[in-house]
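For reference, upload_28.cif (mmCIF, C-alpha atoms):
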```
data_input
loop_
_atom_site.label_atom_id
_atom_site.label_comp_id
_atom_site.auth_asym_id
_atom_site.auth_seq_id
_atom_site.Cartn_x
_atom_site.Cartn_y
_atom_site.Cartn_z
CA MET S 1 4.09 11.38 31.83
CA THR S 2 5.31 12.24 28.34
CA LEU S 3 5.84 9.49 25.80
CA VAL S 4 9.60 9.55 26.32
CA SER S 5 9.92 10.42 30.00
CA ALA S 6 11.15 6.90 30.76
CA PHE S 7 14.21 7.43 28.55
CA SER S 8 17.37 9.23 29.63
CA SER S 9 17.86 10.09 25.95
CA LEU S 10 15.68 9.85 22.88
CA PRO S 11 14.78 6.26 21.96
CA ARG S 12 16.63 5.15 18.83
CA ILE S 13 14.21 3.53 16.40
CA GLY S 14 15.04 1.83 13.11
CA PHE S 15 12.37 2.32 10.46
CA ILE S 16 12.57 -0.42 7.83
CA PHE S 17 10.67 0.45 4.66
CA SER S 18 10.65 -0.71 1.06
CA THR S 19 10.58 1.31 -2.16
CA GLU S 20 9.05 -1.61 -4.09
CA VAL S 21 6.11 -0.51 -6.27
CA GLY S 22 3.26 0.89 -4.14
CA LEU S 23 5.21 0.57 -0.90
CA LYS S 24 7.35 3.50 -2.04
CA THR S 25 4.32 5.71 -1.45
CA GLN S 26 4.02 4.38 2.09
CA TYR S 27 7.71 5.13 2.73
CA GLN S 28 7.44 8.68 1.40
CA ASN S 29 4.31 9.35 3.42
CA TRP S 30 5.96 8.10 6.59
CA ARG S 31 9.01 10.32 6.08
CA GLU S 32 6.86 13.37 5.48
CA ALA S 33 4.50 12.63 8.36
CA MET S 34 7.47 12.21 10.70
CA ALA S 35 8.81 15.59 9.58
CA ARG S 36 5.47 17.21 10.40
CA LEU S 37 5.14 15.44 13.74
CA THR S 38 8.75 15.93 14.90
CA PRO S 39 8.39 13.06 17.40
CA ARG S 40 10.80 12.86 20.29
CA LEU S 41 12.78 9.90 19.06
CA ASP S 42 15.97 9.30 17.13
CA PRO S 43 15.01 7.73 13.77
CA GLU S 44 17.28 5.73 11.50
CA TRP S 45 15.80 4.92 8.09
CA ILE S 46 16.70 1.50 6.70
CA VAL S 47 15.47 1.71 3.12
CA ILE S 48 15.17 -1.43 0.99
CA ASP S 49 15.50 -0.57 -2.71
CA TRP S 50 15.39 -4.15 -4.10
CA TYR S 51 16.74 -2.89 -7.42
CA ARG S 52 19.28 -0.25 -8.48
CA PRO S 53 19.71 0.51 -12.19
CA ASP S 54 23.40 1.27 -11.69
CA GLY S 55 24.09 -1.44 -9.12
CA PHE S 56 26.89 -4.00 -9.34
CA LEU S 57 24.54 -6.95 -8.87
CA GLU S 58 22.24 -5.71 -11.63
CA ARG S 59 25.14 -5.70 -14.09
CA ILE S 60 26.04 -9.36 -13.56
CA PRO S 61 25.03 -11.23 -16.75
CA PHE S 62 22.38 -13.93 -16.53
CA LEU S 63 21.72 -13.35 -12.81
CA PRO S 64 17.92 -13.59 -12.42
CA GLY S 65 16.17 -10.47 -11.20
CA GLY S 66 14.55 -12.31 -8.31
CA ILE S 67 17.93 -13.40 -6.96
CA VAL S 68 19.31 -9.87 -7.39
CA ALA S 69 16.38 -8.48 -5.41
CA ARG S 70 16.82 -10.99 -2.57
CA ILE S 71 20.57 -10.42 -2.28
CA ARG S 72 20.28 -6.64 -2.44
CA SER S 73 17.43 -6.45 0.05
CA GLN S 74 19.29 -8.60 2.60
CA GLN S 75 22.44 -6.57 2.05
CA GLN S 76 20.65 -3.30 2.70
CA PHE S 77 18.82 -4.70 5.71
CA LEU S 78 21.99 -6.00 7.34
CA GLN S 79 23.94 -2.80 6.63
CA GLY S 80 21.21 -0.71 8.22
CA PHE S 81 20.67 -3.09 11.10
CA HIS S 82 24.32 -3.24 12.09
CA LYS S 83 24.83 0.50 11.70
CA GLN S 84 23.92 1.10 15.32
CA ARG S 85 22.11 -0.33 18.31
CA TYR S 86 18.35 0.18 18.34
CA ASP S 87 15.84 0.52 21.17
CA GLY S 88 13.15 -0.68 18.78
CA LEU S 89 12.31 -1.37 15.15
CA LEU S 90 9.29 -0.56 13.04
CA ILE S 91 9.17 -3.01 10.15
CA GLY S 92 7.24 -1.94 7.08
CA ALA S 93 8.91 -4.53 4.83
CA PRO S 94 8.54 -7.86 6.68
CA ALA S 95 9.61 -10.04 3.76
CA ILE S 96 13.26 -9.23 4.40
CA ALA S 97 13.01 -9.93 8.14
CA TYR S 98 11.01 -13.16 8.43
CA ASN S 99 14.12 -15.36 8.55
CA ARG S 100 16.09 -13.17 10.98
CA PRO S 101 14.66 -14.13 14.38
CA ARG S 102 17.97 -13.77 16.25
CA LEU S 103 18.56 -10.27 14.97
CA LEU S 104 14.99 -9.22 15.70
CA ALA S 105 15.18 -10.66 19.22
CA ARG S 106 17.82 -8.07 20.14
CA GLN S 107 15.18 -5.36 20.54
CA PRO S 108 11.39 -4.96 20.55
CA TYR S 109 9.94 -4.69 17.07
CA PHE S 110 6.66 -3.55 15.59
CA VAL S 111 5.10 -4.34 12.22
CA THR S 112 2.96 -2.37 9.76
CA ILE S 113 1.89 -4.24 6.63
CA ASP S 114 -0.98 -4.80 4.20
CA CYS S 115 -1.03 -8.63 4.10
CA THR S 116 0.59 -11.83 5.30
CA PRO S 117 2.53 -14.32 3.14
CA ARG S 118 -0.34 -16.79 3.17
CA GLN S 119 -2.68 -14.11 1.84
CA LEU S 120 -0.20 -13.15 -0.85
CA HIS S 121 0.17 -16.79 -1.88
CA SER S 122 -3.62 -17.03 -2.21
CA MET S 123 -3.30 -14.50 -5.06
CA GLY S 124 -0.10 -16.07 -6.34
CA SER S 125 -1.01 -16.19 -10.01
CA LEU S 126 -1.58 -12.43 -9.98
CA TYR S 127 1.45 -11.45 -7.90
CA ASN S 128 3.75 -14.23 -9.07
CA LYS S 129 4.21 -15.14 -5.41
CA ARG S 130 3.80 -18.81 -4.56
CA PRO S 131 4.88 -21.05 -1.72
CA SER S 132 7.94 -23.18 -2.32
CA SER S 133 7.31 -26.52 -4.00
CA ILE S 134 9.85 -28.05 -1.58
CA LEU S 135 7.52 -28.86 1.28
CA PRO S 136 10.09 -29.12 4.15
CA TYR S 137 11.55 -25.75 3.13
CA GLU S 138 8.11 -24.11 2.93
CA ASN S 139 7.18 -25.55 6.34
CA TRP S 140 10.37 -24.09 7.79
CA LYS S 141 9.57 -20.70 6.28
CA GLU S 142 6.04 -20.79 7.68
CA ALA S 143 7.43 -21.59 11.13
CA GLN S 144 9.75 -18.58 10.85
CA ARG S 145 6.82 -16.38 9.89
CA ARG S 146 4.77 -17.60 12.84
CA THR S 147 7.62 -16.70 15.15
CA PHE S 148 7.90 -13.30 13.50
CA TYR S 149 4.24 -12.40 14.09
CA GLN S 150 4.01 -13.95 17.54
CA GLN S 151 7.11 -12.25 18.92
CA ALA S 152 6.35 -8.78 17.57
CA ARG S 153 5.68 -6.31 20.37
CA PHE S 154 2.72 -4.93 18.45
CA LEU S 155 1.18 -5.36 14.98
CA PHE S 156 -0.44 -2.63 12.88
CA PRO S 157 -2.19 -4.36 9.95
CA TRP S 158 -3.68 -2.00 7.39
CA SER S 159 -7.01 -3.85 7.24
CA HIS S 160 -9.22 -6.21 9.20
CA TRP S 161 -8.56 -8.80 6.48
CA ALA S 162 -4.82 -8.73 7.22
CA ALA S 163 -5.48 -8.75 10.96
CA GLU S 164 -7.53 -11.94 10.68
CA SER S 165 -4.70 -13.76 8.94
CA MET S 166 -2.14 -12.63 11.51
CA VAL S 167 -4.31 -14.13 14.26
CA ASN S 168 -5.83 -17.17 12.53
CA ASP S 169 -2.92 -18.24 10.29
CA TYR S 170 0.08 -17.14 12.35
CA GLY S 171 -1.11 -17.21 15.96
CA ALA S 172 -0.67 -13.53 16.76
CA ASP S 173 -2.21 -12.26 19.98
CA PRO S 174 -5.29 -10.14 19.16
CA ALA S 175 -4.51 -7.98 22.20
CA GLN S 176 -1.23 -6.97 20.56
CA LEU S 177 -2.82 -5.78 17.35
CA GLU S 178 -4.56 -2.65 16.09
CA VAL S 179 -5.80 -1.98 12.55
CA ILE S 180 -4.28 1.32 11.38
CA PRO S 181 -4.03 2.05 7.64
CA PRO S 182 -1.01 4.07 6.51
CA GLY S 183 -2.93 7.12 5.36
CA ILE S 184 -1.82 9.85 2.97
CA ASP S 185 -0.81 13.52 3.10
CA LEU S 186 -4.17 15.28 3.08
CA SER S 187 -2.51 18.67 2.64
CA ARG S 188 -1.10 17.47 -0.68
CA TRP S 189 -4.08 15.42 -1.82
CA GLN S 190 -6.90 17.92 -1.77
CA ALA S 191 -10.42 18.01 -3.17
CA PRO S 192 -10.98 20.94 -5.53
CA GLU S 193 -14.30 22.59 -6.23
CA ARG S 194 -15.67 20.53 -9.10
CA ILE S 195 -18.17 21.44 -11.77
CA LEU S 196 -19.87 18.80 -13.88
CA GLY S 197 -19.77 19.68 -17.57
CA ASP S 198 -20.65 17.60 -20.57
CA THR S 199 -17.76 15.16 -19.98
CA VAL S 200 -17.23 12.90 -16.98
CA HIS S 201 -13.51 12.32 -16.49
CA LEU S 202 -12.67 8.79 -15.33
CA LEU S 203 -9.29 7.98 -13.78
CA PHE S 204 -7.50 4.63 -13.50
CA VAL S 205 -4.14 4.38 -11.68
CA GLY S 206 -2.46 0.98 -11.64
CA GLY S 207 1.12 0.07 -12.49
CA ASP S 208 0.28 -3.60 -13.06
CA PHE S 209 -2.36 -2.99 -15.72
CA VAL S 210 -4.05 -6.39 -15.97
CA ARG S 211 -3.92 -7.26 -12.26
CA LYS S 212 -5.53 -3.91 -11.52
CA GLY S 213 -8.31 -4.63 -14.02
CA GLY S 214 -7.31 -2.10 -16.66
CA ASP S 215 -8.19 -4.52 -19.45
CA LEU S 216 -11.76 -4.66 -18.14
CA LEU S 217 -11.99 -0.89 -18.43
CA LEU S 218 -10.69 -0.98 -22.00
CA GLU S 219 -13.25 -3.62 -22.88
CA TRP S 220 -15.99 -1.39 -21.50
CA ALA S 221 -14.61 1.62 -23.40
CA GLN S 222 -14.76 -0.29 -26.68
CA LYS S 223 -18.32 -1.54 -26.18
CA THR S 224 -20.18 1.26 -24.41
CA SER S 225 -22.66 3.43 -26.27
CA LYS S 226 -22.10 6.27 -23.79
CA ARG S 227 -20.19 9.25 -25.11
CA ASN S 228 -20.10 11.63 -22.14
CA TRP S 229 -16.79 10.40 -20.74
CA LYS S 230 -13.03 10.47 -21.09
CA LEU S 231 -10.79 7.83 -19.53
CA HIS S 232 -7.34 8.73 -18.18
CA ILE S 233 -5.06 5.73 -17.57
CA VAL S 234 -1.89 5.91 -15.45
CA THR S 235 0.21 2.75 -15.72
CA ARG S 236 3.72 1.50 -16.43
CA ASP S 237 2.47 -1.25 -18.76
CA PRO S 238 1.63 -0.98 -22.48
CA VAL S 239 -2.05 -0.29 -23.18
CA PRO S 240 -3.28 -2.16 -26.28
CA LEU S 241 -5.91 0.33 -27.44
CA ASN S 242 -6.09 3.39 -29.63
CA HIS S 243 -9.32 5.15 -28.67
CA PRO S 244 -10.08 8.85 -29.01
CA GLN S 245 -11.58 9.01 -25.52
CA VAL S 246 -8.71 7.19 -23.77
CA GLU S 247 -5.46 8.89 -22.79
CA VAL S 248 -2.50 7.05 -21.29
CA TYR S 249 0.15 8.51 -18.95
CA ARG S 250 3.42 6.88 -17.96
CA ASN S 251 6.40 7.67 -15.76
CA LEU S 252 4.34 9.32 -13.03
CA GLY S 253 5.79 8.45 -9.64
CA PRO S 254 4.30 8.48 -6.13
CA ASN S 255 2.96 11.89 -5.06
CA ASP S 256 3.93 13.35 -8.45
CA PRO S 257 2.29 16.79 -8.97
CA ALA S 258 1.18 15.70 -12.46
CA LEU S 259 -0.49 12.64 -10.93
CA ILE S 260 -2.23 14.76 -8.32
CA ALA S 261 -3.47 17.07 -11.09
CA LEU S 262 -5.10 14.09 -12.83
CA TYR S 263 -6.93 13.17 -9.65
CA GLN S 264 -8.13 16.75 -9.25
CA GLN S 265 -9.52 17.01 -12.78
CA ALA S 266 -11.32 13.66 -12.53
CA HIS S 267 -14.90 13.04 -11.44
CA LEU S 268 -14.72 9.28 -10.79
CA PHE S 269 -11.91 6.89 -9.86
CA VAL S 270 -12.18 3.38 -11.29
CA LEU S 271 -9.96 0.48 -10.17
CA PRO S 272 -11.63 -2.88 -10.91
CA THR S 273 -8.66 -4.72 -9.45
CA ARG S 274 -8.48 -8.51 -9.56
CA GLY S 275 -5.79 -8.77 -6.91
CA ASP S 276 -4.85 -6.32 -4.18
CA CYS S 277 -3.99 -6.40 -0.51
CA TYR S 278 -5.02 -2.78 -0.06
CA SER S 279 -5.16 0.31 -2.27
CA LEU S 280 -3.12 3.44 -1.64
CA ALA S 281 -4.52 4.82 -4.90
CA GLY S 282 -8.01 4.29 -3.52
CA MET S 283 -7.16 6.39 -0.47
CA GLU S 284 -5.68 9.09 -2.69
CA ALA S 285 -8.90 9.14 -4.70
CA LEU S 286 -11.05 9.53 -1.58
CA ALA S 287 -8.84 12.38 -0.39
CA SER S 288 -9.18 14.02 -3.82
CA GLY S 289 -12.94 14.01 -3.41
CA LEU S 290 -13.64 11.23 -5.89
CA PRO S 291 -16.19 8.45 -5.68
CA VAL S 292 -14.36 5.16 -6.11
CA LEU S 293 -15.29 1.99 -7.99
CA LEU S 294 -12.97 -0.58 -6.44
CA GLY S 295 -12.54 -4.33 -6.79
CA HIS S 296 -13.56 -6.01 -3.53
CA VAL S 297 -10.53 -8.18 -2.84
CA GLY S 298 -8.04 -8.50 -0.02
CA GLY S 299 -8.38 -5.60 2.41
CA THR S 300 -10.04 -3.17 -0.02
CA GLY S 301 -13.42 -3.72 1.64
CA ASP S 302 -12.24 -1.48 4.48
CA ILE S 303 -11.67 1.47 2.15
CA ILE S 304 -15.05 2.11 0.53
CA ARG S 305 -18.35 2.76 2.25
CA ASP S 306 -20.38 0.95 -0.36
CA GLY S 307 -23.05 3.20 -1.84
CA GLU S 308 -21.81 6.27 0.07
CA THR S 309 -18.23 6.96 -1.05
CA GLY S 310 -18.21 4.57 -4.00
CA TYR S 311 -19.01 1.00 -4.90
CA LEU S 312 -17.24 -2.30 -4.29
CA LEU S 313 -17.10 -4.59 -7.33
CA PRO S 314 -16.66 -8.36 -7.42
CA PRO S 315 -13.08 -8.84 -8.70
CA GLY S 316 -12.88 -9.51 -12.41
CA ASP S 317 -16.62 -8.98 -12.91
CA ARG S 318 -16.94 -7.00 -16.16
CA PHE S 319 -20.74 -7.01 -15.89
CA ALA S 320 -20.76 -5.39 -12.46
CA LEU S 321 -18.21 -2.83 -13.67
CA THR S 322 -20.31 -2.00 -16.71
CA ASP S 323 -23.48 -1.73 -14.63
CA ARG S 324 -21.96 0.77 -12.17
CA LEU S 325 -20.24 2.85 -14.85
CA GLU S 326 -23.33 3.05 -17.03
CA PHE S 327 -25.47 3.96 -14.02
CA LEU S 328 -23.18 6.79 -12.91
CA LEU S 329 -22.72 8.13 -16.42
CA SER S 330 -26.51 8.18 -16.76
CA ASN S 331 -26.82 9.89 -13.36
CA PRO S 332 -23.73 12.13 -13.10
CA GLU S 333 -25.42 14.34 -10.51
CA ARG S 334 -24.64 11.59 -7.98
CA LEU S 335 -20.89 12.02 -8.39
CA LEU S 336 -20.31 15.30 -6.56
CA PRO S 337 -22.19 14.38 -3.35
CA MET S 338 -20.42 11.02 -3.22
CA GLY S 339 -17.10 12.77 -3.78
CA ALA S 340 -17.77 15.16 -0.91
CA ALA S 341 -18.54 12.18 1.34
CA ALA S 342 -15.32 10.54 0.16
CA ARG S 343 -13.22 13.53 1.21
CA GLN S 344 -14.90 13.65 4.61
CA ASP S 345 -14.18 9.96 5.12
CA ALA S 346 -10.55 10.43 4.11
CA GLU S 347 -10.18 13.22 6.66
CA LEU S 348 -11.64 10.97 9.32
CA ARG S 349 -9.71 7.77 8.59
CA TYR S 350 -6.78 8.36 6.24
CA ASP S 351 -4.82 11.33 7.51
CA ALA S 352 -1.22 10.05 7.42
CA THR S 353 -0.07 12.48 10.07
CA LYS S 354 -2.71 11.28 12.53
CA ASN S 355 -2.29 7.60 11.70
CA VAL S 356 1.50 7.69 11.88
CA GLY S 357 1.17 9.61 15.14
CA ARG S 358 -1.07 6.88 16.55
CA ILE S 359 1.48 4.21 15.69
CA LEU S 360 4.38 6.21 17.11
CA ALA S 361 2.48 6.87 20.33
CA ARG S 362 1.79 3.14 20.73
CA ILE S 363 5.46 2.31 20.06
CA GLN S 364 6.81 4.88 22.48
CA GLN S 365 4.32 3.92 25.16
CA SER S 366 5.27 0.26 24.78
CA LEU S 367 8.99 0.97 24.94
CA ALA S 368 8.61 3.28 27.94
CA THR S 369 7.16 0.42 29.99
CA THR S 370 10.16 -1.86 29.45
CA LEU S 371 13.26 0.30 28.92
#
```

Give the structure from this file in C-alpha cells form.
Amino acid sequence: MTLVSAFSSLPRIGFIFSTEVGLKTQYQNWREAMARLTPRLDPEWIVIDWYRPDGFLERIPFLPGGIVARIRSQQQFLQGFHKQRYDGLLIGAPAIAYNRPRLLARQPYFVTIDCTPRQLHSMGSLYNKRPSSILPYENWKEAQRRTFYQQARFLFPWSHWAAESMVNDYGADPAQLEVIPPGIDLSRWQAPERILGDTVHLLFVGGDFVRKGGDLLLEWAQKTSKRNWKLHIVTRDPVPLNHPQVEVYRNLGPNDPALIALYQQAHLFVLPTRGDCYSLAGMEALASGLPVLLGHVGGTGDIIRDGETGYLLPPGDRFALTDRLEFLLSNPERLLPMGAAARQDAELRYDATKNVGRILARIQQSLATTL
C-alpha cells in the first residue's frame, strides 16, 4: 500500500514553522526538501514571522517588542489555521500552539522541535526565557504544555536530550516518539578538497555572540602565542576587538552563498557555546567537512562524535577551549582526516531530504490508519 492509498484525495497538511533566528534555517530546509521529495500531500505553509519591519504593530510607539511578537505570532497562526480544514498539522514552532488545545484537537498533529519549555527555562539567563513569576499562571501554562505533548500523534525531537524532557517532564509516550534531527541540504553544503597551508582558518558562526561563546574565542585570540591561524567571525552583534588575524562578517543570512564560502575556506569550526538546544551551524560545519569544537550543552552532545569528528567542550570553559585549539594548531595534520569523517557522518545522519522524508512517511502512515 502506498503512503496515501487510504485517502480519496491528497491529505491536506498544515506546516507551522517559524522564521525566528536559527529556526529560519529549519524552515528553509524543509521547504527545499519538500520540493525535492514532491510528497503526495497537499501542503499549506503557516509561517510565523514574529517581527515585520514594516508592520503596523511594530510602528505603535512604546509597545514592547515581546508583546508585538506574541500578538503577531498568534495572528499569523490563527490566519493560517482558519484558512482551510486540515487532515493533520506538523508543528515546528510549538510556542505559538501550547495554549490552543481546542484548535489542535480538530485534527491529528505532529511536533518537531529542539527543546521543551522547561529546558529553555533552565538556560533562562542566556535566552532571556524564564517561567512566569505568577505561580498559578505558570502552573496553568505547564498543564497546557503537558496536554500538548501528550496529545500529539507523534513527536520528532531533534535530540535525545529533548526526547527525555518530553517523556520525563511532560509525560509523553515514548512509543510515540522518534529522535530525528532536521538535517541540512547536503547538495548545497559540500566539502571541498582542502589543502593545509601555513594558515589554519578558524570559523565561528553565532548570531548571539556571547551566548555562543564568541567572547571566549576573542580572549584566546588575544592571549595565544600561536600565529598560524586566522579567525573568521559571523555574527549580528558588535565584536569588541581590533585584531589583525580576526575578521568579522555581518548580514549573512541562512544558506547565504557567502556564508557557505566561509565554511568551505575554513579548516576548523569553533563554537564554544554556553547555551544551545541544538546547533544547525554545527551540522553545516560537519557537512562542509570541518572538524567541530562545540560546547557540550543541551542536545549538542548528539552532533559530535567526540575525538572523531570534533571535540565537545564544557560550556564556558576557556581552559578546555584553549587546550583543544592549541593542540590542533600544533598538530594541523589531524584536521583533514577529522573533516573527512565529519562529512561522512553528515551524509549518514544529517541529510535533510532523507530526514524530512522519514518524518513525512511517519505522518502519512499514521494518518492513513485513521482517516

Practice task
Evaluate the PyMOL selection byres ((chain S and resi 195-208) around 7) here and jot the selected residues down as a PyMOL selection string.
Solution key: chain S and resi 193-194+209-212+228-237+266-271+281

Completion exercise
Atom pair CA of Tyr149 in chain S + CA of Gly357 in chain S, distance 22.2 Å

Problem - Selection under test: the PyMOL selection byres ((chain S and resi 77) around 8); residues as number ranges by chain - result: S: 16, 46-48, 73-76, 78-81, 96

So that all listed atoms of range 362-371 of chain S fit with 8 Å spare on each side, what axis-aligned box centre and edge lengths in Å, to one decimal, would you give as lines of an AutoDock Vina configuration file?
```
center_x = 7.5
center_y = 1.5
center_z = 25.0
size_x = 27.5
size_y = 22.7
size_z = 25.9
```

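Counting only C-alpha atoms and comparing S:Phe62, S:Tyr98, S:Phe15, S:Phe56, the residue that lies closest to Leu360 in chain S is S:Phe15.
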
Name the residues captured by the PyMOL selection byres ((chain S and resi 351) around 9) when it is applied to the shown file; answer as an mmCIF file with C-alpha atoms, in the frame of the given file.
```cif
data_model
loop_
_atom_site.group_PDB
_atom_site.id
_atom_site.type_symbol
_atom_site.label_atom_id
_atom_site.label_comp_id
_atom_site.auth_asym_id
_atom_site.auth_seq_id
_atom_site.Cartn_x
_atom_site.Cartn_y
_atom_site.Cartn_z
ATOM 1 C CA PRO S 182 -1.010 4.070 6.510
ATOM 2 C CA GLY S 183 -2.930 7.120 5.360
ATOM 3 C CA ILE S 184 -1.820 9.850 2.970
ATOM 4 C CA ASP S 185 -0.810 13.520 3.100
ATOM 5 C CA LEU S 186 -4.170 15.280 3.080
ATOM 6 C CA ALA S 287 -8.840 12.380 -0.390
ATOM 7 C CA ALA S 346 -10.550 10.430 4.110
ATOM 8 C CA GLU S 347 -10.180 13.220 6.660
ATOM 9 C CA LEU S 348 -11.640 10.970 9.320
ATOM 10 C CA ARG S 349 -9.710 7.770 8.590
ATOM 11 C CA TYR S 350 -6.780 8.360 6.240
ATOM 12 C CA ALA S 352 -1.220 10.050 7.420
ATOM 13 C CA THR S 353 -0.070 12.480 10.070
ATOM 14 C CA LYS S 354 -2.710 11.280 12.530
ATOM 15 C CA ASN S 355 -2.290 7.600 11.700
ATOM 16 C CA VAL S 356 1.500 7.690 11.880
#
```

Exercise for the section: Pick out the residues sitting within 7 Å of Thr309 in chain S, and hand them over as a ChimeraX atom specification; count all atoms listed in the file, and ignore anything fewer than 5 positions along from it in its own chain. Expected result: /S:291-292,304,338-339,341-342

Practice task
Write out as a list in words which residues come within 8 Å of Ala340 in chain S when counting only C-alpha atoms, dropping same-chain ones fewer than 4 positions away.
Solution key: Gly289, Leu290, Leu336 and Gln344 of chain S

Would you save the residues of that selection, restricted to C-alpha atoms, as a short mmCIF file (atom, residue, chain, number, x, y, z; two decimals), in the frame of the given file?
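Produced file out_35.cif, reproduced below:
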```cif
data_model
loop_
_atom_site.label_atom_id
_atom_site.label_comp_id
_atom_site.auth_asym_id
_atom_site.auth_seq_id
_atom_site.Cartn_x
_atom_site.Cartn_y
_atom_site.Cartn_z
CA GLY S 289 -12.94 14.01 -3.41
CA LEU S 290 -13.64 11.23 -5.89
CA LEU S 336 -20.31 15.30 -6.56
CA GLN S 344 -14.90 13.65 4.61
#
```

Practice task
Rank S:Lys223, S:Ala191, S:Leu218, S:Gly275 by their smallest atom-to-atom distance to Arg343 in chain S, using only C-alpha atoms, and report the top residue only.
Solution key: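 Among S:Lys223, S:Ala191, S:Leu218, S:Gly275, it is S:Ala191 that comes nearest to Arg343 in chain S.
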
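Residues with any atom within 10 Å of Gln144 in chain S, counting all atoms listed in the file and excluding same-chain neighbours fewer than 6 positions away, are Ala97, Tyr98, Asn99, Arg100, Pro101, Glu138, Gln150 and Tyr170 of chain S.
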
Handout entry: Shortest interatomic distance to His296 in chain S - which of S:Glu219, S:Asp345, S:Trp161, S:Ala172, counting all atoms listed in the file
Key =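 When distances to His296 in chain S are compared using all atoms listed in the file, the smallest one comes from S:Trp161.
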
Handout entry: One-decimal distance in Å that lies between CA of Leu155 in chain S and CA of Val111 in chain S
Key =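 A separation of 4.9 Å between them.
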
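The environment of Glu178 in chain S within 12 Å, counting all atoms listed in the file and disregarding residues fewer than 4 places along the same chain, consists of Phe110, Val111, Thr112, Ile113, Arg153, Phe154, Leu155, Phe156, Pro157, Trp158, Ser159, His160, Ala162, Ala163, Glu164, Met166, Val167, Ala172, Asp173, Pro174, Asn355, Arg358, Ile359, Arg362 and Ile363 of chain S.
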
Problem - Selected residue, from S:Asn242, S:Ser330, S:Ser133, S:Asn139, that lies nearest to Ser225 in chain S when counting all atoms listed in the file - result: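 Between S:Asn242, S:Ser330, S:Ser133, S:Asn139, the residue approaching Ser225 in chain S most closely is S:Ser330.
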
Fill in the blank from the handout: re CA of Gly298 in chain S and CA of Trp140 in chain S: distance 25.4 Å

Problem - Counting only C-alpha atoms, the option among S:Arg40, S:Arg318, S:Lys24, S:Arg188 closest to Leu216 in chain S - result: S:Arg318

Exercise for the section: Write out as a count of residues only which residues come within 8 Å of Ile303 in chain S when counting all atoms listed in the file, dropping same-chain ones fewer than 5 positions away. Expected result: 3
